[in-house]
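Structure first, commentary second.
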Amino acid sequence: MKYTGLPSAMWMIYRNTFREHLISDLRFSRDEANDIVNRAAPRYREIIGKIPEFEKGDRFVTNIVNCAMLTAFLLCMNRRPSVDELTVFYRNAMKGSFMTRMFCRKSGKSKFSDKDIAGQKATAALRAGDRNPYSWNMDYIPYEDNSGYEARFYTCGICALMKEYGFYDLVPAMCSLDYTMSELGGASEFVRQYTLASGGSYCDCGYKKKAPPHSRQP
């Protein structure tokens with residue numbers, strides 16, 4: 001994958017929020033945080049360079065770029081955070097960016113629309129994970145009561161990449177962001193029972209429709 005374009009932009013957008021939450025959440029000193037950021041930059045470019053280009057229509061390129069960034073930071077920390085520590089750090093670092101909040105609000109406005117459903121079906125049909133170990137395979141499963149849908153994943157690029165670099169046990173810290181992004185979107189409640197990282201045969205990402213704000217009980 002080329003560093004120019006999305007990977008370069010993502011680094012510019014998130015490096016400072018990652019730096020700040022290295023300090024506030026993982027308790028590194030400012031000098032240590034600056035050093036981690038400086039050393040993570042070339043590691044990030046190195047990881048990106050090893051990832052194959054994603055196919056046109058593959059919706060998960062941003063996911064793998066985010067994973068490459070977090071992996072680069074982990075490689076440059078002088079101590080390994082726990083899953084709980086990394087969960088807090090990653091959630092806050094991502095939420096701290098205006099770009100994340102804007103993306104989630106935009107996604108929330110179109111959640112469950114015809115375009116959203118068509119995109120889910122197209123992604124399921126693409127099965128990009130058959131050809132790219134850092135992408136995903138999924139099924140689209142609508143709920144019978146029309147209350148939403150489940151995206152059920154059988155391969156996971158994040159699992160593949162973090163396993164390669166020795167951080168497979170920390171994958172749940174990235175998985176937890178699904179709840180945060182659904183909450184920021186405002187249109188769905190995220191529900192999950194199983195993950196590949198915890199030994200499940202698949203990862204279920206369920207999106208339950210929220211009632212419009214004016215129809216909710218006070």
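By convention here, the chains of the structure tokens are called A, B, ... in the order presented, each chain's residues are numbered starting at 1, and ligands are numbered starting at 1 in the order presented.
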(request) Please report, as a PyMOL selection string, each residue of region 2-169 of chain A to which DSSP assigns helix (DSSP H, G or I) when run on this structure's backbone. (result) chain A and resi 6-24+30-50+61-75+83-95+98-110+114-126+128-130+157-164+168-169
(message) Using DSSP assignments from the backbone, pull out every residue in region 8-207 of chain A that falls under strand (DSSP E) and give it to me as a PyMOL selection string.
(response) chain A and resi 137-142+148-155+188-191+203-207
(message) I want to know what sits within 12 Å of region 48-56 of chain A, based on only C-alpha atoms, with residues of the same chain fewer than 4 positions away left out; could you give that as a ChimeraX atom specification?
(response) /A:1-8,10-11,41-44,60-72,122-123,126-136,157-158,160-161,164
(message) I want to know what sits within 8 Å of Val171 (chain A), based on only C-alpha atoms, with residues of the same chain fewer than 4 positions away left out; could you give that as a VMD selection string?
(response) chain A and resid 158 to 159 162 167 175 197
